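Okay, structure first, notes after.
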There are 2 protein chains.
Amino acid sequence: MLNKQDQLDLMFHALADSSRRSMLQQLGSGPRSVSELARPLSMTLAGVVQHVQILETSGLISSTKVGRTRTCHMNPVALSAVEKWIAERQSNVERQLDRLGELLSNNTDYQQRRKK
Amino acid sequence: MLNKQDQLDLMFHALADSSRRSMLQQLGSGPRSVSELARPLSMTLAGVVQHVQILETSGLISSTKVGRTRTCHMNPVALSAVEKWIAERQSNVERQLDRLGELLSNNTDYQQRRKK
């Protein structure tokens with residue numbers, strides 16, 4: 001069982017490739033077979049299978065095999081973990097900018113009072 | 001000049017490491033010098049500098065050097081690009097789940113009407 005940090009490592013690594021992001025984009029509209037995922041990409045089927053495995057190991061997608069067809073679908077819960085991490089960082093940065101804005105505004109008030 | 005996909009590759013790659021994420025977490029509370037970033041990490045200063053370079057190349061942070069001290073700060077605009085990409089995927093998946101919910105609910109209505 002992976003810990004939360006290792007899981008985030010795998011997810012961000014999976015997202016760090018434009019072909020894998022394009023696959024996730026396709027899966028955003030619904031489940032797709034591996035050959036459907038391969039169609040818009042200029043890549044061998046073997047290459048696509050490798051990317052699918054990286055996405056699956058990261059937990060961002062799951063797949064089921066019926067007969068000879070493997071169908072992939074997104075795992076919304078996994079993407080939420082990534083979204084949560086980013087949103088936390090972003091809100092901290094926004095708080096920082098708010099504080100900076102307040103400091104600047106207080107400083108301007110102080111300068112204006114000094115001029116009077 | 002990198003295109004948008006290459007930039008996202010670099011940003012997600014930068015995020016795919018728990019030490020770099022922990023540095024971004026620190027920078028979320030305000031600018032930090034490289035040695036301040038190194039303090040909570042069990043890592044040589046040279047190792048930290050390498051991570052800082054990866055974060056800086058990705059555009060997630062910027063740094064300025066005054067005398068011998070390099071100070072790092074987060075770049076909120078870059079993080080917004082990552083956040084936007086994730087949010088778009090997430091909203092597509094949510095639409096998918098809504099459609100599935102509607103289908104299931106219509107199907108239940110149909111079954112109930114058939115029973116009457």
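Quick note on naming: the chains in the structure tokens go A, B, ... in the order shown, residues restart at 1 in each chain, and ligands are numbered from 1 in order of appearance.
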If you take only C-alpha atoms and a cut-off of 12 Å, which residues of chain B touch chain A, and what are their nearest atom pairs and distances in Å to one decimal, in chain and number order, as a tab-separated table?
```
residue	atom	partner	partner_atom	distance
B:Asn3	CA	A:Ser18	CA	11.3
B:Lys4	CA	A:Ser18	CA	9.9
B:Gln5	CA	A:Ser18	CA	6.1
B:Asp6	CA	A:Ser18	CA	7.7
B:Gln7	CA	A:Ala16	CA	9.5
B:Leu8	CA	A:Ala16	CA	6.9
B:Asp9	CA	A:Ala16	CA	4.3
B:Leu10	CA	A:Ala16	CA	6.8
B:Met11	CA	A:Ala16	CA	7.4
B:Phe12	CA	A:Ala16	CA	4.7
B:His13	CA	A:Ala16	CA	5.1
B:Ala14	CA	A:Phe12	CA	8.4
B:Leu15	CA	A:Phe12	CA	6.0
B:Ala16	CA	A:Asp9	CA	4.3
B:Asp17	CA	A:Asp9	CA	5.4
B:Ser18	CA	A:Gln5	CA	6.1
B:Ser19	CA	A:Gln5	CA	9.7
B:Arg20	CA	A:Asp9	CA	10.3
B:Arg21	CA	A:Gln5	CA	9.3
B:Ser22	CA	A:Gln5	CA	10.1
B:Met23	CA	A:Arg89	CA	10.9
B:Leu24	CA	A:Arg89	CA	7.5
B:Gln25	CA	A:Arg89	CA	6.5
B:Gln26	CA	A:Arg89	CA	9.5
B:Leu27	CA	A:Val93	CA	8.2
B:Gly28	CA	A:Asn92	CA	5.1
B:Ser29	CA	A:Asn92	CA	6.4
B:Gly30	CA	A:Gln96	CA	6.6
B:Pro31	CA	A:Gln96	CA	9.7
B:Ser58	CA	A:Ala16	CA	11.3
B:Leu60	CA	A:Arg89	CA	11.2
B:Ile61	CA	A:Val93	CA	11.6
B:His73	CA	A:Val93	CA	9.7
B:Met74	CA	A:Val93	CA	7.4
B:Asn75	CA	A:Val93	CA	8.5
B:Pro76	CA	A:Val93	CA	6.4
B:Val77	CA	A:Gln90	CA	9.4
B:Ala78	CA	A:Gln90	CA	10.1
B:Leu79	CA	A:Gln90	CA	6.9
B:Ser80	CA	A:Gln90	CA	7.5
B:Ala81	CA	A:Ile86	CA	10.5
B:Val82	CA	A:Ile86	CA	7.8
B:Glu83	CA	A:Ile86	CA	6.3
B:Lys84	CA	A:Glu83	CA	9.6
B:Trp85	CA	A:Arg21	CA	9.3
B:Ile86	CA	A:Glu83	CA	6.3
B:Ala87	CA	A:Glu83	CA	7.2
B:Glu88	CA	A:Gln25	CA	8.9
B:Arg89	CA	A:Gly28	CA	6.0
B:Gln90	CA	A:Pro76	CA	6.8
B:Ser91	CA	A:Gly28	CA	8.4
B:Asn92	CA	A:Gly28	CA	5.1
B:Val93	CA	A:Gly28	CA	5.2
B:Glu94	CA	A:Pro76	CA	7.9
B:Arg95	CA	A:Ser29	CA	8.4
B:Gln96	CA	A:Gly30	CA	6.6
B:Leu97	CA	A:Pro76	CA	9.3
B:Asp98	CA	A:Gly30	CA	11.8
B:Arg99	CA	A:Gly30	CA	10.2
B:Leu100	CA	A:Gly30	CA	10.2
```
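Those residues in chain A carrying a DSSP assignment of strand (DSSP E), computed from the backbone, are Arg32, Ser33, Ile61, Ser62, Ser63, Thr64, Lys65, Val66, Thr69, Arg70, Thr71, Cys72, His73 and Met74 of chain A.
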Just the selected residues (N, CA and C atoms), exported as a tab-separated table (two decimals), in the first residue's frame, please.
```
chain	number	residue	atom	x	y	z
A	32	ARG	N	-13.19	4.59	-22.81
A	32	ARG	CA	-12.66	4.34	-24.15
A	32	ARG	C	-11.86	3.04	-24.13
A	33	SER	N	-11.88	2.33	-25.27
A	33	SER	CA	-11.01	1.16	-25.39
A	33	SER	C	-9.59	1.66	-25.67
A	61	ILE	N	-6.65	6.26	-13.63
A	61	ILE	CA	-7.64	5.53	-14.42
A	61	ILE	C	-7.73	4.08	-13.95
A	62	SER	N	-8.81	3.42	-14.33
A	62	SER	CA	-8.93	1.98	-14.11
A	62	SER	C	-9.28	1.38	-15.46
A	63	SER	N	-9.07	0.07	-15.60
A	63	SER	CA	-9.45	-0.57	-16.85
A	63	SER	C	-10.03	-1.95	-16.58
A	64	THR	N	-10.90	-2.40	-17.47
A	64	THR	CA	-11.48	-3.75	-17.37
A	64	THR	C	-11.31	-4.41	-18.73
A	65	LYS	N	-11.03	-5.72	-18.73
A	65	LYS	CA	-10.84	-6.44	-19.99
A	65	LYS	C	-11.99	-7.40	-20.20
A	66	VAL	N	-12.69	-7.23	-21.33
A	66	VAL	CA	-13.76	-8.17	-21.69
A	66	VAL	C	-13.37	-8.74	-23.04
A	69	THR	N	-10.88	-6.91	-25.57
A	69	THR	CA	-10.94	-5.44	-25.48
A	69	THR	C	-10.75	-4.95	-24.05
A	70	ARG	N	-9.74	-4.08	-23.88
A	70	ARG	CA	-9.53	-3.44	-22.58
A	70	ARG	C	-10.14	-2.05	-22.62
A	71	THR	N	-11.09	-1.79	-21.70
A	71	THR	CA	-11.75	-0.48	-21.66
A	71	THR	C	-11.26	0.30	-20.45
A	72	CYS	N	-10.90	1.57	-20.70
A	72	CYS	CA	-10.36	2.42	-19.63
A	72	CYS	C	-11.40	3.46	-19.22
A	73	HIS	N	-11.39	3.82	-17.95
A	73	HIS	CA	-12.22	4.93	-17.49
A	73	HIS	C	-11.48	5.71	-16.40
A	74	MET	N	-11.82	6.98	-16.30
A	74	MET	CA	-11.18	7.86	-15.32
A	74	MET	C	-11.63	7.51	-13.92
```
Provide the atom CA of B:Leu103 to atom CA of A:Glu36 distance in Å, to one decimal place.
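Computing the Euclidean distance for atom CA of B:Leu103 and atom CA of A:Glu36 yields 23.6 Å.
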Enumerate, as an MDAnalysis selection string, the complete set of residues in chain A that a backbone-based DSSP assignment places in helix (DSSP H, G or I).
chainID A and resid 4:15 18:27 34:38 45:58 76:115
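Atom pair atom CA of A:Val34 / atom CA of A:Val49: separated by 7.1 Å.
Take atom CA of B:Leu37 and atom CA of B:Val52: the distance between them is 9.2 Å.
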